Each structure stands twice: as structure tokens, then as C-alpha cells.
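Text of the file target-v8.csv, holding CSV, C-alpha atoms:
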chain,number,residue,atom,x,y,z
J,1,LYS,CA,-3.7,9.1,18.0
J,2,ASN,CA,-2.7,7.7,14.6
J,3,GLU,CA,0.8,8.1,13.6
J,4,VAL,CA,-0.3,9.3,10.2
J,5,GLU,CA,-3.3,11.7,9.8
J,6,GLN,CA,-4.9,12.8,6.6
J,7,SER,CA,-7.3,15.6,5.9
J,8,PRO,CA,-9.8,16.0,4.7
J,9,GLN,CA,-11.3,12.4,4.9
J,10,ASN,CA,-13.6,13.0,1.9
J,11,LEU,CA,-13.6,15.7,-0.8
J,12,THR,CA,-15.9,16.4,-3.6
J,13,ALA,CA,-14.7,18.8,-6.3
J,14,GLN,CA,-15.7,20.1,-9.7
J,15,GLU,CA,-13.7,19.2,-12.7
J,16,GLY,CA,-10.9,21.7,-13.2
J,17,GLU,CA,-10.5,22.7,-9.6
J,18,PHE,CA,-7.2,22.8,-7.8
J,19,ILE,CA,-7.1,20.2,-5.0
J,20,THR,CA,-4.9,19.9,-1.9
J,21,ILE,CA,-4.7,16.8,0.2
J,22,ASN,CA,-2.8,17.0,3.5
J,23,CYS,CA,-0.8,14.5,5.6
J,24,SER,CA,0.7,15.0,9.0
J,25,TYR,CA,2.8,12.4,10.8
J,26,SER,CA,4.2,12.2,14.3
J,27,VAL,CA,7.2,9.8,14.0
J,28,GLY,CA,10.7,9.9,12.5
J,29,ILE,CA,10.6,8.8,9.0
J,30,SER,CA,13.0,8.1,6.2
J,31,ALA,CA,10.5,8.7,3.4
J,32,LEU,CA,6.9,9.4,2.7
J,33,HIS,CA,4.8,7.8,0.0
J,34,TRP,CA,1.6,9.1,-1.8
J,35,LEU,CA,-0.5,6.3,-3.1
J,36,GLN,CA,-3.6,6.2,-5.3
J,37,GLN,CA,-6.2,3.4,-4.9
J,38,HIS,CA,-9.0,3.2,-7.4
J,39,PRO,CA,-12.4,1.5,-6.7
J,40,GLY,CA,-11.2,-1.8,-8.0
J,41,GLY,CA,-8.6,-1.8,-5.2
J,42,GLY,CA,-5.3,-1.7,-7.1
J,43,ILE,CA,-2.7,0.6,-5.6
J,44,VAL,CA,-0.5,2.9,-7.7
J,45,SER,CA,2.6,4.6,-6.2
J,46,LEU,CA,2.5,8.3,-7.1
J,47,PHE,CA,5.5,9.7,-5.3
J,48,MET,CA,8.2,8.8,-2.8
J,49,LEU,CA,9.6,11.8,-1.0
J,50,SER,CA,12.3,12.4,1.6
J,51,SER,CA,12.6,16.1,1.1
J,52,GLY,CA,11.4,19.1,-1.0
J,53,LYS,CA,9.0,18.7,-3.9
J,54,LYS,CA,8.3,16.4,-6.8
J,55,LYS,CA,6.1,17.0,-9.8
J,56,HIS,CA,4.6,14.5,-12.3
J,57,GLY,CA,2.1,15.8,-14.8
J,58,ARG,CA,-0.7,17.5,-12.9
J,59,LEU,CA,0.4,16.1,-9.6
J,60,ILE,CA,2.8,17.9,-7.2
J,61,ALA,CA,3.9,16.6,-3.8
J,62,THR,CA,5.7,18.5,-1.2
J,63,ILE,CA,7.1,17.6,2.2
J,64,ASN,CA,8.3,19.7,5.2
J,65,ILE,CA,10.4,17.5,7.4
J,66,GLN,CA,10.6,20.0,10.3
J,67,GLU,CA,6.9,20.4,10.4
J,68,LYS,CA,6.2,16.7,9.7
J,69,HIS,CA,3.8,17.5,7.0
J,70,SER,CA,3.2,16.7,3.4
J,71,SER,CA,0.7,17.9,0.7
J,72,LEU,CA,-0.4,16.4,-2.5
J,73,HIS,CA,-1.7,18.9,-5.1
J,74,ILE,CA,-3.8,18.1,-8.1
J,75,THR,CA,-4.0,20.8,-10.7
J,76,ALA,CA,-6.9,20.9,-13.3
J,77,SER,CA,-8.7,18.0,-11.6
J,78,HIS,CA,-10.5,15.5,-13.8
J,79,PRO,CA,-13.2,12.9,-13.0
J,80,ARG,CA,-10.5,10.2,-13.6
J,81,ASP,CA,-8.7,11.5,-10.6
J,82,SER,CA,-11.5,10.2,-8.4
J,83,ALA,CA,-9.9,7.7,-6.1
J,84,VAL,CA,-8.7,7.2,-2.6
J,85,TYR,CA,-5.3,8.9,-1.9
J,86,ILE,CA,-3.2,7.4,0.8
J,87,CYS,CA,-0.3,8.9,2.6
J,88,ALA,CA,2.2,6.3,4.0
J,89,VAL,CA,5.4,7.0,6.0
J,90,LYS,CA,8.4,4.7,6.1
J,91,ARG,CA,9.4,4.7,9.8
J,92,PHE,CA,12.2,3.2,11.6
J,93,ILE,CA,11.5,0.3,13.9
J,94,GLN,CA,13.6,-1.8,16.3
J,95,GLY,CA,16.4,-3.7,14.8
J,96,GLY,CA,17.3,-1.1,12.3
J,97,SER,CA,14.6,-2.0,9.8
J,98,GLU,CA,11.8,0.1,8.4
J,99,LYS,CA,8.1,-0.3,7.8
J,100,LEU,CA,5.4,1.6,6.1
J,101,VAL,CA,2.6,3.1,8.2
J,102,PHE,CA,-0.5,4.1,6.3
J,103,GLY,CA,-3.0,6.9,6.8
J,104,LYS,CA,-6.7,6.1,6.4
J,105,GLY,CA,-6.8,7.7,3.0
J,106,MET,CA,-8.8,10.5,1.5
J,107,LYS,CA,-11.7,9.7,-0.9
J,108,LEU,CA,-11.7,12.2,-3.7
J,109,THR,CA,-14.7,12.5,-6.1
J,110,VAL,CA,-14.3,14.9,-9.0
J,111,ASN,CA,-17.6,15.6,-10.8
J,112,PRO,CA,-17.8,16.6,-14.4
L,1,GLY,CA,8.2,1.9,-14.3
L,2,ALA,CA,8.5,-1.2,-12.1
L,3,VAL,CA,5.6,-3.6,-12.2
L,4,VAL,CA,4.4,-6.0,-9.6
L,5,SER,CA,1.8,-8.6,-10.5
L,6,GLN,CA,-0.5,-10.7,-8.4
L,7,HIS,CA,-2.3,-13.8,-9.2
L,8,PRO,CA,-5.2,-14.5,-9.0
L,9,SER,CA,-6.8,-11.1,-9.0
L,10,TRP,CA,-9.8,-12.6,-7.2
L,11,VAL,CA,-10.7,-15.9,-5.8
L,12,ILE,CA,-13.7,-17.5,-4.1
L,13,CYS,CA,-13.2,-20.6,-2.0
L,14,LYS,CA,-15.0,-22.7,0.5
L,15,SER,CA,-14.3,-22.7,4.2
L,16,GLY,CA,-11.6,-25.1,5.1
L,17,THR,CA,-9.7,-25.0,1.9
L,18,SER,CA,-6.4,-23.4,1.2
L,19,VAL,CA,-5.7,-20.6,-1.3
L,20,LYS,CA,-2.3,-19.6,-2.7
L,21,ILE,CA,-1.6,-16.0,-3.9
L,22,GLU,CA,1.4,-15.2,-6.0
L,23,CYS,CA,3.3,-11.9,-6.1
L,24,ARG,CA,5.9,-11.3,-8.8
L,25,SER,CA,8.1,-8.4,-9.5
L,26,LEU,CA,8.3,-8.4,-13.3
L,27,ASP,CA,11.2,-6.3,-14.2
L,28,PHE,CA,13.3,-5.8,-11.1
L,29,GLN,CA,14.7,-7.8,-8.2
L,30,ALA,CA,13.2,-7.6,-4.8
L,31,THR,CA,15.1,-8.9,-1.8
L,32,THR,CA,12.1,-7.9,0.4
L,33,MET,CA,8.4,-8.3,-0.2
L,34,PHE,CA,5.6,-7.2,2.0
L,35,TRP,CA,2.1,-8.7,2.4
L,36,TYR,CA,-0.8,-6.4,3.5
L,37,ARG,CA,-4.4,-7.0,4.2
L,38,GLN,CA,-7.2,-4.4,3.7
L,39,PHE,CA,-10.7,-4.7,5.1
L,40,PRO,CA,-13.5,-2.6,3.6
L,41,LYS,CA,-13.1,1.2,4.2
L,42,GLN,CA,-10.0,0.6,6.3
L,43,SER,CA,-6.3,1.2,5.7
L,44,LEU,CA,-3.7,-1.3,4.7
L,45,MET,CA,-2.3,-3.4,7.5
L,46,LEU,CA,1.0,-5.1,7.3
L,47,MET,CA,0.8,-8.8,7.8
L,48,ALA,CA,4.4,-9.9,7.2
L,49,THR,CA,7.7,-9.0,5.7
L,50,SER,CA,9.5,-11.7,3.7
L,51,ASN,CA,13.1,-11.7,2.7
L,52,GLU,CA,14.4,-13.9,-0.1
L,53,GLY,CA,15.8,-17.1,1.2
L,54,SER,CA,14.8,-16.6,4.9
L,55,LYS,CA,11.7,-17.0,7.1
L,56,ALA,CA,9.1,-14.3,7.0
L,57,THR,CA,8.6,-11.9,9.9
L,58,TYR,CA,5.0,-11.7,11.0
L,59,GLU,CA,3.3,-8.8,12.6
L,60,GLN,CA,1.7,-9.2,16.0
L,61,GLY,CA,-1.6,-11.0,15.8
L,62,VAL,CA,-1.0,-12.6,12.5
L,63,GLU,CA,-0.8,-16.4,12.7
L,64,LYS,CA,2.2,-17.7,10.8
L,65,ASP,CA,0.8,-21.2,10.5
L,66,LYS,CA,-2.4,-19.9,8.9
L,67,PHE,CA,-0.7,-17.4,6.5
L,68,LEU,CA,2.2,-19.3,5.0
L,69,ILE,CA,4.7,-17.1,3.2
L,70,ASN,CA,7.4,-18.4,0.8
L,71,HIS,CA,9.9,-16.1,-0.8
L,72,ALA,CA,11.9,-18.5,-2.9
L,73,SER,CA,13.4,-16.1,-5.4
L,74,LEU,CA,14.2,-12.5,-5.9
L,75,THR,CA,11.0,-12.1,-8.1
L,76,LEU,CA,8.4,-14.3,-6.5
L,77,SER,CA,6.7,-14.5,-3.1
L,78,THR,CA,3.6,-16.5,-2.3
L,79,LEU,CA,1.0,-16.2,0.5
L,80,THR,CA,-1.0,-19.3,1.3
L,81,VAL,CA,-4.1,-18.9,3.4
L,82,THR,CA,-4.6,-22.3,5.0
L,83,SER,CA,-7.9,-23.6,6.2
L,84,ALA,CA,-9.7,-20.5,5.2
L,85,HIS,CA,-12.6,-19.1,7.1
L,86,PRO,CA,-15.1,-16.4,6.1
L,87,GLU,CA,-13.4,-13.9,8.4
L,88,ASP,CA,-10.3,-14.3,6.2
L,89,SER,CA,-12.2,-12.7,3.3
L,90,SER,CA,-10.3,-9.5,2.5
L,91,PHE,CA,-8.2,-7.7,0.0
L,92,TYR,CA,-4.6,-9.0,0.0
L,93,ILE,CA,-1.9,-6.7,-1.4
L,94,CYS,CA,1.7,-7.4,-1.9
L,95,SER,CA,4.5,-4.9,-2.3
L,96,SER,CA,8.1,-5.4,-3.5
L,97,GLN,CA,11.0,-3.4,-2.4
L,98,GLU,CA,13.6,-3.0,-5.2
L,99,THR,CA,17.0,-4.2,-4.2
L,100,SER,CA,18.9,-1.3,-5.8
L,101,ASP,CA,17.1,1.8,-4.5
L,102,TYR,CA,14.7,0.5,-1.9
L,103,GLU,CA,11.7,2.0,-3.8
L,104,GLN,CA,8.5,0.1,-2.9
L,105,TYR,CA,6.1,-1.0,-5.6
L,106,PHE,CA,2.6,-2.3,-5.0
L,107,GLY,CA,0.7,-5.1,-6.7
L,108,PRO,CA,-2.9,-4.8,-7.9
L,109,GLY,CA,-4.2,-6.9,-5.0
L,110,THR,CA,-6.2,-10.1,-4.7
L,111,ARG,CA,-9.7,-10.2,-3.4
L,112,LEU,CA,-10.4,-13.3,-1.4
L,113,THR,CA,-13.9,-14.4,-0.6
L,114,VAL,CA,-14.4,-17.4,1.7
L,115,THR,CA,-17.9,-18.9,1.6

Would you give me this structure, written as C-alpha cells?
Amino acid sequence: KNEVEQSPQNLTAQEGEFITINCSYSVGISALHWLQQHPGGGIVSLFMLSSGKKKHGRLIATINIQEKHSSLHITASHPRDSAVYICAVKRFIQGGSEKLVFGKGMKLTVNP
Amino acid sequence: GAVVSQHPSWVICKSGTSVKIECRSLDFQATTMFWYRQFPKQSLMLMATSNEGSKATYEQGVEKDKFLINHASLTLSTLTVTSAHPEDSSFYICSSQETSDYEQYFGPGTRLTVT
């Protein structure tokens, strides 16, 4: 079982729809990242969360540490939101250091 | 916001040659930089962690003599793929961890094709 699971794996939506992307993890973490990867490959960091909720423009990210779950919401979706959304958790490893563990990503397609 | 650049953005090379990829943090200092590899339709896999001024730590299964990492300053890390083979063709992404707040920023990636 992967340490980071995302659902759904693929999602097609119509422009204007409200979209929710889920991420569950099974290990102790210090932070959770939501990343966006466009078809060209470049990665943009959207949020880093360790608790609660963050909002940036039309994007909202929440995390529930007790339930080991995070959601990324996109309001008023637009075709330019089409991308792969990746959840990554910063987990503790031996020696006191940390490393990012990535989910497989969710491919979002927003049709006009 | 913080910017990480990579150069080149894409490169094609012949088998047996070496390729160097640069990763720069443009407006912040990064004690730690990470190198990832991503194969098509797969997630990012950590190759190595490099700390400025010391030897890189490689993940299991990653050959340190094949993927040479140098982190000579707080703003520059380089990955050299030596004696490249077609199976090294991949998307290589670096990430810099800001010294002050440990936020991690990603570069745009370098697509390597070995013919």
C-alpha cells in the first residue's frame, strides 16, 4: 500500500464546477504539499500545510492531522486549471531528517 | 515568490556521453537541494539529497558514480549523468529547501533524451 493515496486518479469537469481532490496518508508527517504539474512538466508548489486551512485565489487546501487526510478544492474551475495535482507529505526518516513522499497525482481536465 | 531555475530545460545526447544539469535558487539560499526523477505517467522519485559543502546522500538503487551531484554553493547544485544510456532518459527535477523556513521550491525540470 502506498504511503500517500490520492483520489480520484482522473477527473473531467466542466468549466465553472467546484472540484475536490483528496489525499490520504498513512505515516507521521511534519507537513503536506499540494503541487501542480502542467503538461510541459514543470512543477508549481501550491500550498504547504501542517494544520488547518489555507486559501489562495480560487484554491483552498485543508488538512485533518487526526484523520491523516487533506483536500484541495478548486472553485469556479477553468480550463487553465487542467493539470496533474500531486499530494506530497514530508515524513520523518531515520537520523532525524525528513523527505517528501509523493502521491501518484490526479489528472484534472476542465472542459470549456 | 521563491524561484528555482534549471538549465538546460531539455537535452538530447548520445549514449556514452555525459550531461550536466544545473539547479539554481535565484532569490534565496538553500542549504539542501533535492534531485528527483520522473518517468512517464509516474510519480517523482527522490534520487539524492545534497547539502551545501558536503557529499550527497543517495537513495537506495541510485548509483552515485553514475549520477554525480555537486552542491558547491548555497544557490547552485549540479547533477551530472555520466556515460548516459537510453534508460537514463527521463524528466529530472530539482528542488531547493529554503534555509530560513524550510519551504521547498521546485525547478521546472530538465527532459533528458539519450539516443

So that I can check the surroundings of L:Lys14, please list as a short mmCIF file (atom, residue, chain, number, x, y, z; two decimals) with C-alpha atoms, in the coordinates of the input every protein, DNA and RNA residue that reaches within 9 Å of it, counting only C-alpha atoms and ignoring chain neighbours fewer than 3 positions away.
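So the final result, stored in part-v6.cif, reads:
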data_model
loop_
_atom_site.label_atom_id
_atom_site.label_comp_id
_atom_site.auth_asym_id
_atom_site.auth_seq_id
_atom_site.Cartn_x
_atom_site.Cartn_y
_atom_site.Cartn_z
CA THR L 17 -9.70 -25.00 1.90
CA SER L 18 -6.40 -23.40 1.20
CA ALA L 84 -9.70 -20.50 5.20
CA HIS L 85 -12.60 -19.10 7.10
CA PRO L 86 -15.10 -16.40 6.10
CA THR L 113 -13.90 -14.40 -0.60
CA VAL L 114 -14.40 -17.40 1.70
CA THR L 115 -17.90 -18.90 1.60
#

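Of the listed residues L:Lys55, L:Lys64, L:Lys20, L:Lys41, the one whose atoms come nearest to chain J is L:Lys41, with distances taken using only C-alpha atoms.
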
(request) Using all atoms listed in the file, find which residues of chain L lie within 12 Å of chain J and jot them down as a ChimeraX atom specification. (result) /L:1-6,9-10,32-49,57,59,90-97,101-111

Store the residues picked out above, limited to C-alpha atoms, as a PDB file, in the frame of the given file.
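Below is the file selection_6.pdb, written as the result:
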ATOM      1  CA  GLY L   1       8.200   1.900 -14.300  1.00  0.00           C
ATOM      2  CA  ALA L   2       8.500  -1.200 -12.100  1.00  0.00           C
ATOM      3  CA  VAL L   3       5.600  -3.600 -12.200  1.00  0.00           C
ATOM      4  CA  VAL L   4       4.400  -6.000  -9.600  1.00  0.00           C
ATOM      5  CA  SER L   5       1.800  -8.600 -10.500  1.00  0.00           C
ATOM      6  CA  GLN L   6      -0.500 -10.700  -8.400  1.00  0.00           C
ATOM      7  CA  SER L   9      -6.800 -11.100  -9.000  1.00  0.00           C
ATOM      8  CA  TRP L  10      -9.800 -12.600  -7.200  1.00  0.00           C
ATOM      9  CA  THR L  32      12.100  -7.900   0.400  1.00  0.00           C
ATOM     10  CA  MET L  33       8.400  -8.300  -0.200  1.00  0.00           C
ATOM     11  CA  PHE L  34       5.600  -7.200   2.000  1.00  0.00           C
ATOM     12  CA  TRP L  35       2.100  -8.700   2.400  1.00  0.00           C
ATOM     13  CA  TYR L  36      -0.800  -6.400   3.500  1.00  0.00           C
ATOM     14  CA  ARG L  37      -4.400  -7.000   4.200  1.00  0.00           C
ATOM     15  CA  GLN L  38      -7.200  -4.400   3.700  1.00  0.00           C
ATOM     16  CA  PHE L  39     -10.700  -4.700   5.100  1.00  0.00           C
ATOM     17  CA  PRO L  40     -13.500  -2.600   3.600  1.00  0.00           C
ATOM     18  CA  LYS L  41     -13.100   1.200   4.200  1.00  0.00           C
ATOM     19  CA  GLN L  42     -10.000   0.600   6.300  1.00  0.00           C
ATOM     20  CA  SER L  43      -6.300   1.200   5.700  1.00  0.00           C
ATOM     21  CA  LEU L  44      -3.700  -1.300   4.700  1.00  0.00           C
ATOM     22  CA  MET L  45      -2.300  -3.400   7.500  1.00  0.00           C
ATOM     23  CA  LEU L  46       1.000  -5.100   7.300  1.00  0.00           C
ATOM     24  CA  MET L  47       0.800  -8.800   7.800  1.00  0.00           C
ATOM     25  CA  ALA L  48       4.400  -9.900   7.200  1.00  0.00           C
ATOM     26  CA  THR L  49       7.700  -9.000   5.700  1.00  0.00           C
ATOM     27  CA  THR L  57       8.600 -11.900   9.900  1.00  0.00           C
ATOM     28  CA  GLU L  59       3.300  -8.800  12.600  1.00  0.00           C
ATOM     29  CA  SER L  90     -10.300  -9.500   2.500  1.00  0.00           C
ATOM     30  CA  PHE L  91      -8.200  -7.700   0.000  1.00  0.00           C
ATOM     31  CA  TYR L  92      -4.600  -9.000   0.000  1.00  0.00           C
ATOM     32  CA  ILE L  93      -1.900  -6.700  -1.400  1.00  0.00           C
ATOM     33  CA  CYS L  94       1.700  -7.400  -1.900  1.00  0.00           C
ATOM     34  CA  SER L  95       4.500  -4.900  -2.300  1.00  0.00           C
ATOM     35  CA  SER L  96       8.100  -5.400  -3.500  1.00  0.00           C
ATOM     36  CA  GLN L  97      11.000  -3.400  -2.400  1.00  0.00           C
ATOM     37  CA  ASP L 101      17.100   1.800  -4.500  1.00  0.00           C
ATOM     38  CA  TYR L 102      14.700   0.500  -1.900  1.00  0.00           C
ATOM     39  CA  GLU L 103      11.700   2.000  -3.800  1.00  0.00           C
ATOM     40  CA  GLN L 104       8.500   0.100  -2.900  1.00  0.00           C
ATOM     41  CA  TYR L 105       6.100  -1.000  -5.600  1.00  0.00           C
ATOM     42  CA  PHE L 106       2.600  -2.300  -5.000  1.00  0.00           C
ATOM     43  CA  GLY L 107       0.700  -5.100  -6.700  1.00  0.00           C
ATOM     44  CA  PRO L 108      -2.900  -4.800  -7.900  1.00  0.00           C
ATOM     45  CA  GLY L 109      -4.200  -6.900  -5.000  1.00  0.00           C
ATOM     46  CA  THR L 110      -6.200 -10.100  -4.700  1.00  0.00           C
ATOM     47  CA  ARG L 111      -9.700 -10.200  -3.400  1.00  0.00           C
TER      48      ARG L 111
END

(request) Skip stretch 22-28 of chain J itself and residues of its chain fewer than 4 positions away, then list as a list of chain:residue names all residues within 9 Å of it, counting only C-alpha atoms. (result) J:Asn2, J:Glu3, J:Val4, J:Glu5, J:Gln6, J:Ser7, J:Pro8, J:Glu67, J:Lys68, J:His69, J:Ser70, J:Ser71, J:Leu72, J:His73, J:Ile86, J:Cys87, J:Ala88, J:Val89, J:Lys90, J:Arg91, J:Phe92, J:Gly103

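Using only C-alpha atoms, the smallest distance between any of L:Glu87, L:Glu98, L:Glu52, L:Glu63 and L:Gly16 comes from L:Glu87.
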
(message) So that I can see what lies close to L:Val81, please list as number ranges by chain the residues with an atom at most 6 Å from it, counting all atoms listed in the file and leaving out residues fewer than 4 positions away in the same chain.
(response) L: 18-19, 66-67

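Picture a line from atom CA of L:Ser77 to atom CA of J:Leu49; it runs 26.5 Å.
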
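Minimum distance to J:Leu11 across J:Ile93, J:Ala83, J:Ala76, J:Leu32 (counting only C-alpha atoms) occurs at J:Ala83.
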
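Note that the spacing between atom CA of J:Glu17 and atom CA of J:Leu59 amounts to 12.7 Å.
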
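Here atom CA of J:Ile65 is placed at a distance of 18.9 Å from atom CA of J:Leu46.
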
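Among the candidates J:Val84, J:Pro112, J:Trp34, J:Lys53, the residue lying nearest to J:Asn10 is J:Val84 (atoms considered: only C-alpha atoms).
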